[in-house]
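*Asks:* Just upload37.txt, nothing more (compact mmCIF, C-alpha atoms):
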```txt
# COMPACT_ATOMS: atom_id res chain seq x y z
CA MET A 24 -25.24 -55.80 31.41
CA THR A 25 -22.45 -55.05 28.95
CA THR A 26 -22.71 -51.55 27.48
CA PRO A 27 -21.89 -50.80 23.81
CA THR A 28 -18.72 -49.00 24.94
CA GLN A 29 -17.60 -51.96 27.04
CA LEU A 30 -18.35 -54.35 24.17
CA ALA A 31 -16.32 -52.20 21.77
CA GLU A 32 -13.40 -52.22 24.20
CA GLN A 33 -13.62 -56.01 24.57
CA LEU A 34 -13.70 -56.58 20.82
CA SER A 35 -10.74 -54.27 20.26
CA THR A 36 -8.61 -56.55 22.41
CA THR A 37 -9.85 -59.90 21.04
CA THR A 38 -8.12 -61.91 18.35
CA LEU A 39 -9.49 -62.57 14.89
CA LEU A 40 -10.08 -66.06 13.46
CA ARG A 41 -10.77 -66.63 9.78
CA PHE A 42 -12.41 -69.99 9.17
CA ALA A 43 -14.26 -71.79 6.39
CA THR A 44 -16.95 -74.46 6.38
CA ALA A 45 -17.03 -77.25 3.82
CA GLY A 46 -18.67 -80.59 3.29
CA SER A 47 -20.78 -82.65 0.91
CA VAL A 48 -24.19 -81.54 -0.34
CA ASP A 49 -26.90 -81.59 2.36
CA ASP A 50 -24.44 -82.26 5.17
CA GLY A 51 -25.81 -79.17 6.91
CA LYS A 52 -23.14 -76.49 6.45
CA SER A 53 -25.52 -73.57 6.19
CA THR A 54 -27.63 -74.88 9.07
CA LEU A 55 -24.50 -75.11 11.24
CA VAL A 56 -23.51 -71.56 10.36
CA GLY A 57 -27.05 -70.35 11.02
CA ARG A 58 -27.07 -72.15 14.36
CA LEU A 59 -23.71 -70.58 15.30
CA LEU A 60 -24.99 -67.11 14.47
CA HIS A 61 -28.37 -67.66 16.16
CA ASP A 62 -27.19 -69.29 19.38
CA SER A 63 -24.27 -66.89 19.81
CA LYS A 64 -26.80 -64.04 19.50
CA SER A 65 -25.11 -62.65 16.40
CA VAL A 66 -28.32 -62.29 14.35
CA LEU A 67 -30.17 -59.01 14.16
CA THR A 68 -33.88 -59.07 15.00
CA ASP A 69 -34.98 -58.06 11.49
CA GLN A 70 -32.79 -60.79 9.96
CA LEU A 71 -34.37 -63.44 12.18
CA GLU A 72 -37.86 -62.14 11.42
CA ALA A 73 -37.15 -62.35 7.68
CA VAL A 74 -35.95 -65.95 8.05
CA GLU A 75 -39.00 -66.88 10.13
CA ASP A 76 -41.28 -65.33 7.51
CA ALA A 77 -39.52 -67.12 4.64
CA SER A 78 -39.70 -70.41 6.54
CA ARG A 79 -43.44 -70.05 7.15
CA LYS A 80 -44.02 -69.43 3.45
CA ARG A 81 -42.21 -72.70 2.74
CA GLY A 82 -44.47 -74.56 5.18
CA GLN A 83 -41.86 -74.95 7.92
CA GLU A 84 -42.90 -74.49 11.54
CA ALA A 85 -39.43 -73.72 12.89
CA PRO A 86 -37.16 -71.10 11.30
CA ASP A 87 -34.76 -72.55 8.71
CA LEU A 88 -31.46 -71.20 10.00
CA ALA A 89 -29.74 -72.09 6.71
CA LEU A 90 -31.49 -69.09 5.18
CA LEU A 91 -29.24 -66.82 7.25
CA THR A 92 -26.35 -67.68 4.94
CA ASP A 93 -27.89 -68.87 1.67
CA GLY A 94 -28.40 -65.38 0.26
CA LEU A 95 -28.72 -66.06 -3.48
CA ARG A 96 -32.20 -66.67 -4.87
CA ALA A 97 -31.01 -69.85 -6.58
CA GLU A 98 -29.59 -71.09 -3.27
CA ARG A 99 -32.87 -70.60 -1.45
CA GLU A 100 -34.90 -72.19 -4.23
CA GLN A 101 -32.67 -75.26 -4.48
CA GLY A 102 -31.76 -75.49 -0.80
CA ILE A 103 -28.03 -75.59 -1.57
CA THR A 104 -25.02 -73.31 -1.25
CA ILE A 105 -23.57 -72.06 -4.56
CA ASP A 106 -21.46 -69.01 -3.81
CA VAL A 107 -19.09 -68.38 -0.90
CA ALA A 108 -21.10 -66.62 1.80
CA TYR A 109 -18.99 -64.47 4.13
CA ARG A 110 -20.30 -63.68 7.59
CA TYR A 111 -18.80 -61.57 10.35
CA PHE A 112 -19.64 -62.13 14.00
CA ALA A 113 -18.02 -61.86 17.40
CA THR A 114 -18.16 -63.08 20.95
CA THR A 115 -16.50 -61.53 23.97
CA ARG A 116 -13.55 -63.89 23.44
CA ARG A 117 -12.85 -63.60 19.71
CA ARG A 118 -13.90 -62.03 16.40
CA PHE A 119 -14.68 -64.23 13.38
CA ILE A 120 -14.73 -64.01 9.60
CA LEU A 121 -16.56 -67.06 8.31
CA ALA A 122 -16.65 -68.35 4.74
CA ASP A 123 -19.50 -70.80 4.08
CA THR A 124 -18.34 -72.66 0.96
CA PRO A 125 -20.35 -74.84 -1.47
CA GLY A 126 -20.42 -78.62 -1.33
CA HIS A 127 -20.95 -79.54 -4.98
CA VAL A 128 -18.00 -80.90 -6.97
CA GLN A 129 -18.47 -78.20 -9.62
CA TYR A 130 -17.89 -75.51 -6.97
CA THR A 131 -14.53 -76.82 -5.72
CA ARG A 132 -12.98 -73.55 -6.95
CA ASN A 133 -15.30 -71.65 -4.60
CA MET A 134 -13.97 -73.64 -1.66
CA VAL A 135 -10.42 -72.79 -2.71
CA THR A 136 -11.40 -69.11 -2.66
CA GLY A 137 -13.00 -69.33 0.77
CA ALA A 138 -10.25 -71.39 2.37
CA SER A 139 -7.28 -69.55 0.85
CA THR A 140 -7.05 -67.13 3.79
CA ALA A 141 -8.57 -69.41 6.47
CA GLU A 142 -6.70 -70.48 9.57
CA LEU A 143 -9.25 -73.20 10.32
CA ALA A 144 -11.56 -75.34 8.21
CA VAL A 145 -14.72 -77.02 9.50
CA VAL A 146 -15.46 -80.11 7.39
CA LEU A 147 -18.95 -81.49 7.92
CA VAL A 148 -19.88 -85.15 7.56
CA ASP A 149 -23.39 -86.60 7.65
CA ALA A 150 -23.31 -89.23 10.42
CA ARG A 151 -25.54 -91.51 8.31
CA ASN A 152 -23.21 -91.45 5.29
CA GLY A 153 -19.77 -91.19 6.88
CA VAL A 154 -16.69 -90.07 4.95
CA VAL A 155 -17.60 -89.73 1.27
CA GLU A 156 -15.75 -88.63 -1.86
CA GLN A 157 -16.45 -84.94 -1.34
CA THR A 158 -15.24 -85.18 2.28
CA ARG A 159 -11.89 -86.43 1.08
CA ARG A 160 -11.81 -83.76 -1.60
CA HIS A 161 -12.33 -80.97 0.91
CA ALA A 162 -9.74 -82.41 3.28
CA ALA A 163 -7.25 -82.51 0.42
CA VAL A 164 -7.98 -78.90 -0.57
CA ALA A 165 -7.49 -77.79 3.05
CA ALA A 166 -4.15 -79.61 3.09
CA LEU A 167 -3.06 -78.06 -0.21
CA LEU A 168 -3.90 -74.59 1.07
CA ARG A 169 -1.92 -75.24 4.26
CA VAL A 170 -4.90 -74.59 6.56
CA PRO A 171 -3.31 -75.28 9.96
CA HIS A 172 -6.41 -76.46 11.86
CA VAL A 173 -9.20 -78.77 10.66
CA VAL A 174 -12.38 -79.56 12.59
CA LEU A 175 -14.38 -82.66 11.66
CA ALA A 176 -18.00 -81.91 12.57
CA VAL A 177 -19.97 -85.16 12.45
CA ASN A 178 -23.45 -83.73 11.91
CA LYS A 179 -26.97 -85.16 12.22
CA MET A 180 -26.06 -87.28 15.23
CA ASP A 181 -29.74 -87.06 16.20
CA LEU A 182 -30.55 -89.25 13.17
CA VAL A 183 -28.27 -92.07 14.39
CA ASP A 184 -29.56 -91.99 17.98
CA TYR A 185 -26.44 -90.12 19.16
CA ALA A 186 -24.48 -93.37 18.92
CA GLU A 187 -20.86 -93.06 20.03
CA PRO A 188 -19.59 -95.97 17.84
CA VAL A 189 -20.87 -94.21 14.71
CA PHE A 190 -18.98 -91.04 15.60
CA ALA A 191 -15.83 -92.93 16.61
CA ALA A 192 -15.66 -94.87 13.32
CA ILE A 193 -16.07 -91.72 11.20
CA ALA A 194 -13.54 -89.76 13.28
CA GLU A 195 -10.96 -92.56 12.99
CA GLU A 196 -11.34 -92.84 9.19
CA PHE A 197 -11.19 -89.09 8.57
CA THR A 198 -8.31 -88.47 10.97
CA ALA A 199 -6.20 -91.15 9.31
CA TYR A 200 -6.89 -89.71 5.85
CA ALA A 201 -6.26 -86.07 6.82
CA ALA A 202 -3.10 -86.96 8.72
CA SER A 203 -1.75 -88.72 5.62
CA LEU A 204 -2.14 -85.39 3.78
CA GLY A 205 -0.04 -83.60 6.37
CA VAL A 206 -2.85 -81.74 8.17
CA PRO A 207 -1.14 -80.77 11.44
CA GLU A 208 -4.19 -80.68 13.74
CA ILE A 209 -7.56 -82.45 13.51
CA THR A 210 -10.37 -82.09 16.07
CA ALA A 211 -13.52 -84.24 15.79
CA ILE A 212 -16.79 -83.00 17.32
CA PRO A 213 -20.19 -84.82 17.21
CA ILE A 214 -23.02 -82.34 16.59
CA SER A 215 -26.60 -81.83 15.50
CA ALA A 216 -26.78 -78.44 13.80
CA LEU A 217 -30.58 -78.66 13.53
CA ALA A 218 -31.10 -79.38 17.24
CA GLY A 219 -28.12 -77.36 18.43
CA ASP A 220 -26.22 -80.22 20.09
CA ASN A 221 -22.57 -79.31 20.75
CA VAL A 222 -22.68 -76.27 18.46
CA VAL A 223 -22.80 -73.49 21.05
CA GLU A 224 -24.14 -75.39 24.07
CA PRO A 225 -22.98 -78.86 25.24
CA SER A 226 -25.33 -81.69 24.34
CA ALA A 227 -27.29 -83.53 27.01
CA ASN A 228 -27.78 -86.35 24.50
CA MET A 229 -24.07 -87.17 24.18
CA ASP A 230 -22.73 -87.41 27.72
CA TRP A 231 -20.07 -89.79 26.37
CA TYR A 232 -18.39 -86.82 24.63
CA GLY A 233 -16.20 -84.69 26.87
CA GLY A 234 -14.62 -82.36 24.32
CA PRO A 235 -15.42 -78.75 23.38
CA THR A 236 -18.42 -77.48 21.48
CA VAL A 237 -17.83 -76.03 18.04
CA LEU A 238 -17.97 -72.44 19.30
CA GLU A 239 -15.76 -73.21 22.30
CA HIS A 240 -13.13 -74.70 20.01
CA LEU A 241 -13.36 -71.73 17.63
CA GLU A 242 -12.91 -69.36 20.57
CA THR A 243 -9.92 -71.16 22.05
CA VAL A 244 -7.98 -72.72 19.16
CA PRO A 245 -4.52 -71.12 19.08
CA VAL A 246 -4.00 -68.98 16.00
CA SER A 247 -0.96 -66.93 15.20
CA HIS A 248 -1.25 -63.62 13.40
CA ASP A 249 2.36 -62.85 14.20
CA LEU A 250 3.66 -62.21 10.71
CA THR A 251 6.69 -60.58 12.29
CA ALA A 252 8.24 -64.02 12.77
CA CYS A 253 8.12 -64.66 9.01
CA HIS A 254 10.69 -63.74 6.38
CA ALA A 255 10.48 -59.97 5.89
CA ARG A 256 8.93 -59.03 2.54
CA PHE A 257 7.86 -55.64 1.17
CA PRO A 258 6.21 -55.54 -2.28
CA VAL A 259 6.50 -52.03 -3.71
CA GLN A 260 3.10 -50.66 -4.70
CA TYR A 261 3.87 -47.05 -5.57
CA VAL A 262 6.86 -44.74 -5.92
CA ILE A 263 6.35 -41.36 -4.23
CA ARG A 264 8.20 -38.42 -5.80
CA PRO A 265 6.55 -35.12 -4.71
CA GLN A 266 9.26 -32.93 -6.27
CA THR A 267 7.96 -29.92 -4.40
CA ALA A 268 9.85 -26.97 -2.94
CA GLU A 269 9.56 -28.54 0.52
CA LEU A 270 10.55 -32.03 -0.69
CA PRO A 271 12.66 -31.62 -3.81
CA ASP A 272 14.62 -34.86 -3.44
CA TYR A 273 12.11 -37.10 -1.61
CA ARG A 274 11.87 -40.63 -3.04
CA GLY A 275 9.82 -43.15 -1.10
CA TYR A 276 8.52 -46.62 -1.87
CA ALA A 277 5.00 -47.20 -0.58
CA GLY A 278 3.21 -50.45 0.08
CA GLN A 279 2.01 -52.92 2.69
CA ILE A 280 4.54 -55.08 4.51
CA ALA A 281 3.58 -58.64 3.56
CA ALA A 282 5.54 -60.28 6.38
CA GLY A 283 8.31 -59.67 8.87
CA VAL A 284 9.90 -56.56 10.36
CA PHE A 285 11.91 -53.73 8.77
CA ARG A 286 14.21 -51.39 10.68
CA VAL A 287 16.04 -48.19 9.84
CA GLY A 288 19.69 -48.95 9.10
CA GLU A 289 18.95 -52.50 7.89
CA PRO A 290 20.70 -53.67 4.69
CA VAL A 291 18.16 -54.71 2.06
CA THR A 292 18.08 -56.16 -1.44
CA VAL A 293 15.70 -55.01 -4.17
CA LEU A 294 14.46 -57.88 -6.32
CA PRO A 295 14.52 -58.96 -9.05
CA SER A 296 17.40 -56.58 -9.89
CA GLY A 297 19.49 -57.69 -6.91
CA ARG A 298 20.65 -54.15 -6.12
CA THR A 299 21.44 -53.49 -2.46
CA SER A 300 21.01 -50.52 -0.19
CA THR A 301 20.16 -49.60 3.40
CA ILE A 302 16.85 -48.39 4.84
CA ALA A 303 17.40 -44.70 5.51
CA GLY A 304 13.92 -43.98 6.86
CA ILE A 305 10.42 -45.38 7.39
CA ASP A 306 7.34 -43.15 7.16
CA LEU A 307 4.12 -44.30 8.83
CA LEU A 308 0.96 -42.19 8.84
CA GLY A 309 2.95 -39.01 8.27
CA ASP A 310 5.53 -39.70 10.98
CA SER A 311 9.04 -41.14 10.82
CA VAL A 312 9.52 -44.38 12.76
CA ASP A 313 12.50 -46.62 13.41
CA ILE A 314 10.70 -49.93 12.96
CA ALA A 315 7.66 -51.25 11.07
CA TRP A 316 6.07 -54.67 10.78
CA ALA A 317 3.40 -56.61 8.87
CA PRO A 318 0.72 -55.79 7.95
CA GLN A 319 1.42 -52.07 8.30
CA SER A 320 1.27 -49.84 5.22
CA VAL A 321 4.40 -47.71 5.14
CA THR A 322 6.81 -45.83 2.92
CA LEU A 323 10.43 -46.98 2.88
CA ARG A 324 13.27 -44.60 2.00
CA LEU A 325 16.59 -46.04 0.86
CA ALA A 326 20.05 -44.59 1.36
CA ASP A 327 21.00 -45.04 -2.30
CA ASP A 328 19.32 -43.66 -5.40
CA ILE A 329 18.67 -46.94 -7.19
CA ASP A 330 16.03 -47.98 -9.71
CA VAL A 331 12.99 -49.27 -7.80
CA SER A 332 9.47 -49.44 -9.27
CA ARG A 333 6.07 -50.98 -8.66
CA GLY A 334 6.28 -54.75 -8.55
CA ASP A 335 9.77 -54.88 -7.05
CA LEU A 336 10.24 -56.69 -3.75
CA ILE A 337 12.39 -55.34 -0.93
CA ALA A 338 13.80 -57.97 1.44
CA PRO A 339 16.62 -58.23 3.99
CA ALA A 340 19.97 -58.62 2.29
CA ASN A 341 20.70 -61.81 4.22
CA ASP A 342 17.24 -63.35 3.81
CA SER A 343 16.07 -62.82 0.25
CA PRO A 344 13.82 -65.21 -1.72
CA ALA A 345 15.07 -66.98 -4.81
CA VAL A 346 14.56 -65.23 -8.13
CA THR A 347 13.38 -67.39 -11.02
CA GLN A 348 11.72 -67.37 -14.40
CA ASP A 349 10.65 -71.01 -14.13
CA VAL A 350 7.70 -71.35 -11.76
CA GLU A 351 6.66 -74.83 -10.67
CA ALA A 352 3.42 -74.82 -8.73
CA THR A 353 0.11 -76.40 -7.88
CA VAL A 354 -2.85 -74.51 -9.32
CA CYS A 355 -6.60 -74.69 -8.97
CA HIS A 356 -8.18 -73.78 -12.28
CA VAL A 357 -11.14 -71.46 -11.67
CA ALA A 358 -12.10 -70.30 -15.18
CA ASP A 359 -14.66 -71.97 -17.42
CA GLU A 360 -12.18 -71.98 -20.30
CA PRO A 361 -9.44 -74.63 -19.95
CA LEU A 362 -5.79 -73.94 -19.22
CA THR A 363 -3.62 -75.56 -21.90
CA VAL A 364 0.06 -76.23 -22.55
CA GLY A 365 1.54 -73.41 -24.63
CA GLN A 366 -1.08 -70.89 -23.50
CA ARG A 367 0.07 -67.30 -23.03
CA VAL A 368 -0.95 -65.84 -19.71
CA LEU A 369 -0.16 -63.08 -17.26
CA ILE A 370 1.10 -64.04 -13.81
CA LYS A 371 0.29 -61.69 -10.94
CA HIS A 372 2.50 -62.10 -7.88
CA THR A 373 2.04 -59.52 -5.09
CA THR A 374 2.16 -56.16 -6.94
CA ARG A 375 4.05 -57.50 -9.98
CA THR A 376 2.36 -58.68 -13.20
CA VAL A 377 4.44 -60.19 -16.02
CA LYS A 378 3.89 -62.14 -19.23
CA ALA A 379 4.29 -65.90 -19.11
CA ILE A 380 3.74 -69.13 -21.02
CA VAL A 381 2.40 -72.39 -19.66
CA LYS A 382 5.28 -74.68 -20.64
CA ASP A 383 3.92 -77.90 -19.17
CA ILE A 384 1.09 -79.42 -17.17
CA PRO A 385 2.84 -82.50 -15.75
CA SER A 386 -0.14 -83.90 -13.87
CA ARG A 387 -3.70 -83.47 -12.70
CA LEU A 388 -4.53 -84.44 -9.14
CA THR A 389 -7.38 -86.87 -8.51
CA LEU A 390 -8.51 -85.74 -5.08
CA ASP A 391 -10.55 -88.87 -4.38
CA ASP A 392 -7.48 -91.07 -3.94
CA LEU A 393 -4.66 -88.49 -4.39
CA SER A 394 -3.42 -90.22 -7.53
CA GLN A 395 -1.73 -88.24 -10.29
CA HIS A 396 -3.10 -88.32 -13.83
CA PRO A 397 0.06 -87.74 -15.89
CA ALA A 398 0.32 -85.25 -18.76
CA PRO A 399 -3.36 -84.27 -19.01
CA GLY A 400 -2.53 -81.53 -21.54
CA ARG A 401 -5.03 -79.14 -19.97
CA LEU A 402 -6.91 -78.28 -16.81
CA VAL A 403 -10.63 -77.53 -16.81
CA ALA A 404 -12.73 -75.70 -14.23
CA ASN A 405 -12.24 -77.02 -10.67
CA ASP A 406 -9.22 -79.14 -11.67
CA ILE A 407 -6.14 -79.06 -9.44
CA GLY A 408 -2.84 -79.87 -11.08
CA ARG A 409 0.86 -79.19 -11.36
CA VAL A 410 2.05 -76.60 -13.87
CA VAL A 411 5.37 -75.27 -15.10
CA VAL A 412 5.25 -71.62 -16.15
CA ARG A 413 8.03 -69.65 -17.86
CA THR A 414 7.89 -65.92 -17.14
CA ALA A 415 9.14 -63.07 -19.29
CA GLU A 416 10.78 -61.41 -16.27
CA PRO A 417 12.18 -62.87 -13.06
CA LEU A 418 9.92 -63.24 -10.01
CA ALA A 419 10.96 -63.34 -6.35
CA LEU A 420 8.81 -66.22 -5.10
CA ASP A 421 8.74 -67.93 -1.74
CA ALA A 422 7.45 -71.47 -1.40
CA TYR A 423 3.76 -71.44 -0.48
CA ALA A 424 4.58 -73.72 2.46
CA ASP A 425 6.77 -70.90 3.85
CA SER A 426 4.51 -67.95 3.03
CA ARG A 427 0.90 -67.94 1.90
CA ARG A 428 1.29 -64.24 0.97
CA THR A 429 4.42 -64.30 -1.18
CA GLY A 430 4.11 -67.93 -2.29
CA SER A 431 0.77 -67.47 -4.05
CA PHE A 432 -0.06 -66.00 -7.45
CA LEU A 433 -2.78 -65.72 -10.10
CA LEU A 434 -2.73 -66.72 -13.75
CA ILE A 435 -4.70 -64.19 -15.80
CA ASP A 436 -6.01 -64.13 -19.36
CA PRO A 437 -4.08 -61.30 -21.09
CA ALA A 438 -6.96 -60.72 -23.51
CA ASP A 439 -9.69 -59.76 -21.04
CA GLY A 440 -8.19 -59.90 -17.55
CA THR A 441 -10.12 -62.98 -16.47
CA THR A 442 -8.59 -64.92 -13.59
CA LEU A 443 -7.68 -68.37 -14.89
CA SER A 444 -5.99 -70.18 -12.00
CA ALA A 445 -4.93 -69.65 -8.41
CA GLY A 446 -1.39 -70.91 -7.83
CA MET A 447 0.72 -72.10 -4.92
CA ALA A 448 4.45 -72.13 -5.61
CA GLY A 449 6.62 -75.08 -4.66
CA ALA A 450 5.79 -78.68 -3.86
CA SER A 451 2.37 -79.94 -2.80
CA PHE A 452 1.65 -82.91 -0.55
CA ALA A 453 1.45 -85.13 -3.66
CA ALA A 454 4.34 -86.39 -5.80
CA VAL A 455 5.54 -83.87 -8.30
CA ALA A 456 6.13 -85.04 -11.86
CA GLN A 457 9.30 -83.83 -13.54
CA PRO A 458 8.53 -81.21 -16.22
CA GLU A 459 9.62 -81.80 -19.75
CA ALA A 460 12.42 -79.71 -21.22
CA PRO A 461 11.03 -76.39 -22.51
CA SER A 462 10.49 -76.15 -26.23
CA ASP A 463 11.49 -73.29 -28.49
CA ASP A 464 8.20 -72.87 -30.33
CA ASP A 465 7.24 -69.58 -28.66
CA ALA A 466 9.53 -67.23 -30.55
CA GLU A 467 6.97 -64.42 -30.51
CA TRP A 468 7.30 -64.15 -26.72
CA ASP A 469 11.07 -64.35 -26.57
CA PHE A 470 12.11 -65.16 -23.00
```
Any chance you could give the structure as structure tokens?

*Replies:*
Amino acid sequence: MTTPTQLAEQLSTTTLLRFATAGSVDDGKSTLVGRLLHDSKSVLTDQLEAVEDASRKRGQEAPDLALLTDGLRAEREQGITIDVAYRYFATTRRRFILADTPGHVQYTRNMVTGASTAELAVVLVDARNGVVEQTRRHAAVAALLRVPHVVLAVNKMDLVDYAEPVFAAIAEEFTAYAASLGVPEITAIPISALAGDNVVEPSANMDWYGGPTVLEHLETVPVSHDLTACHARFPVQYVIRPQTAELPDYRGYAGQIAAGVFRVGEPVTVLPSGRTSTIAGIDLLGDSVDIAWAPQSVTLRLADDIDVSRGDLIAPANDSPAVTQDVEATVCHVADEPLTVGQRVLIKHTTRTVKAIVKDIPSRLTLDDLSQHPAPGRLVANDIGRVVVRTAEPLALDAYADSRRTGSFLLIDPADGTTLSAGMAGASFAAVAQPEAPSDDDAEWDF
């Protein structure tokens, strides 16, 4: 029997996988998550007892495993998922952070939130209905967010007599669609979340399927957390100036390394100013080190006394991102109030927040068929579209395709701090409309 100490040692050496579930309404997302947690023995006894009690009160003989994730009262009453439910569980092979996202069209923004940091997306399809509009929508969102692995879970196979031709037809249609979006890896698995077929244990009802179960695939899919291979980026969060008798001249720049590796003696550029210097020292947890890498939180000391403040970005002198005041990006609008052309906003990129104006909204993406609706004039809640934003100060942006950390940003309402849109800099998988020439009707914000 594995002791708590042995389990802790095993988990400390296992990798972490962040993944999200998505699918149309009633495709069984919450039941699949509940089955994963239950059959992998990741549910506490009191949690299971509470679910069994709630199920009995609803007249159900067997426990409704969906109740393990549908935590909101409205979710339990309606039998749907509304908010993103995060769950943490582990096996001896890997640790998991799971985001169970809603299926309704009006909660597309919630899926964007849940999948924004995911390395894998599980898209469920009801075997009786096949690929539907919402299936294509979720595949498109996963492609936009550059989720590297997508699993097609064809659920409710028990309701189609575990027929292989049904699964094969759905898998072929979905794979062709997702591949056209640029999804690099697609794995199709036939399952029954309610009965447990191919979720944790292989199904005796589908001997024609020789692939992995859902949990086996989650445990073995290759994921890379090696941010050290990425372009080195260090957003400055805080300037440390003790000015004490012991440290009269100490000046350090604290923050978390977003990507890459920094070394003492390395030439660096501070953006957006473009000033250059050399890393004179790196402080980590009170000690001086010669090298540091993402995602460590460190303090960098530079050889030259130059102007560096919160929001600046330190990067290698020979590998710096472009600096621009004209941001072209794909955004998902998450606020109830629309985003309109000419609207004044704040743009938050890493630790830097600057004023900006929405100069153009060239197109809105129709996720059903990936067509572009030109010049919509505004984006409403759950819309995904192209925007052109002019900033008051330069930003050092990477393309989102190159870096999900330094290629993403938020548009914020300057009046009350409400998040308006989540943005991904650079081109999307869809055609990008050319923005119109900027107008001069925003004299009050002169930039």

*Asks:* Could you check how far atom CA of Ala150 of chain A sits from atom CA of Ala176 of chain A, in Å to one decimal?

*Replies:*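 We find that atom CA of Ala150 of chain A and atom CA of Ala176 of chain A lie 9.3 Å from each other.
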
*Asks:* Could you pull the residues within 8 Å of segment 397-414 of chain A, counting all atoms listed in the file, minus those fewer than 5 positions along the same chain, as a ChimeraX atom specification?

*Replies:* /A:128-132,348-364,370,377-389,455-456,458,470

*Asks:* Need the shell around Lys52 of chain A: protein/DNA/RNA residues with any atom at most 9 Å away, counting all atoms listed in the file. Skip same-chain ones fewer than 3 positions apart. Format as an MDAnalysis selection string?

*Replies:* chainID A and resid 44:49 55:57 89 104 123:126 145:147 216

*Asks:* Counting all atoms listed in the file, what is within 10 Å of Gly234 of chain A, bar same-chain residues fewer than 5 positions away, as a list of chain:residue names?

*Replies:*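 These residues fall inside the cut-off: A:Thr210, A:Ala211, A:Ile212, A:Pro213, A:Asn221, A:Pro225, A:Glu239, A:His240.
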
*Asks:* Using all atoms listed in the file, determine which residues lie at most 8 Å from segment 285-291 of chain A, disregarding the query and same-chain residues fewer than 6 positions distant; provide the list as a list in words.

*Replies:*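 Near segment 285-291 of chain A, the qualifying residues are Ala255, Thr299, Ser300, Thr301, Ile302, Ala303, Gly304, Ile305, Asp313, Ile314, Ala315, Trp316, Ile337, Ala338, Pro339, Ala340 and Asn341 of chain A.
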
*Asks:* Taking only C-alpha atoms into account, which of A:His372, A:His396, A:Arg118, A:Arg274 comes nearest Leu336 of chain A?

*Replies:*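 Counting only C-alpha atoms, the residue closest to Leu336 of chain A is A:His372.
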
*Asks:* Listing only residues of segment 350-380 of chain A within 12 Å of segment 256-268 of chain A, what is the closest atom pair and its distance in Å (to one decimal) for each, using all atoms listed in the file, sorted by chain and residue number ascending, as a tab-separated table?

*Replies:*
```
residue	atom	partner	partner_atom	distance
A:His372	CA	A:Pro258	CA	9.4
A:Thr373	CA	A:Pro258	CA	6.4
A:Thr374	CA	A:Gln260	CA	6.0
A:Arg375	CA	A:Pro258	CA	8.2
A:Thr376	CA	A:Gln260	CA	11.7
```

*Asks:* Export C-alpha atoms of the chosen residues as a compact mmCIF listing (two decimals), in the coordinates of the input?

*Replies:*
```txt
# COMPACT_ATOMS: atom_id res chain seq x y z
CA HIS A 372 2.50 -62.10 -7.88
CA THR A 373 2.04 -59.52 -5.09
CA THR A 374 2.16 -56.16 -6.94
CA ARG A 375 4.05 -57.50 -9.98
CA THR A 376 2.36 -58.68 -13.20
```

*Asks:* Restricting the calculation to only C-alpha atoms, which member of A:Ala43, A:Val331, A:Ala282, A:Ile435 is positioned closest to Ala165 of chain A?

*Replies:*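 Looking only at the distances to Ala165 of chain A, the closest residue turns out to be A:Ala43.
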
*Asks:* Within 10 Å of Leu308 of chain A, counting all atoms listed in the file, which residues qualify if same-chain residues fewer than 6 places away don't, as a list in words?

*Replies:*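 Neighbouring residues, sequence-local ones excluded: Gln319, Ser320, Val321 and Thr322 of chain A.
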
*Asks:* Between atom CA of Leu390 of chain A and atom CA of Leu443 of chain A, what distance in Å does the model show, to one decimal?

*Replies:*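 These atoms are spaced 20.0 Å apart.
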
*Asks:* Which residue is closest to Ala166 of chain A? Choose from A:Ser332, A:Thr347, A:Asn152, A:Ser203 and count only C-alpha atoms.

*Replies:*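 Of the candidates, the smallest distance to Ala166 of chain A is held by A:Ser203.
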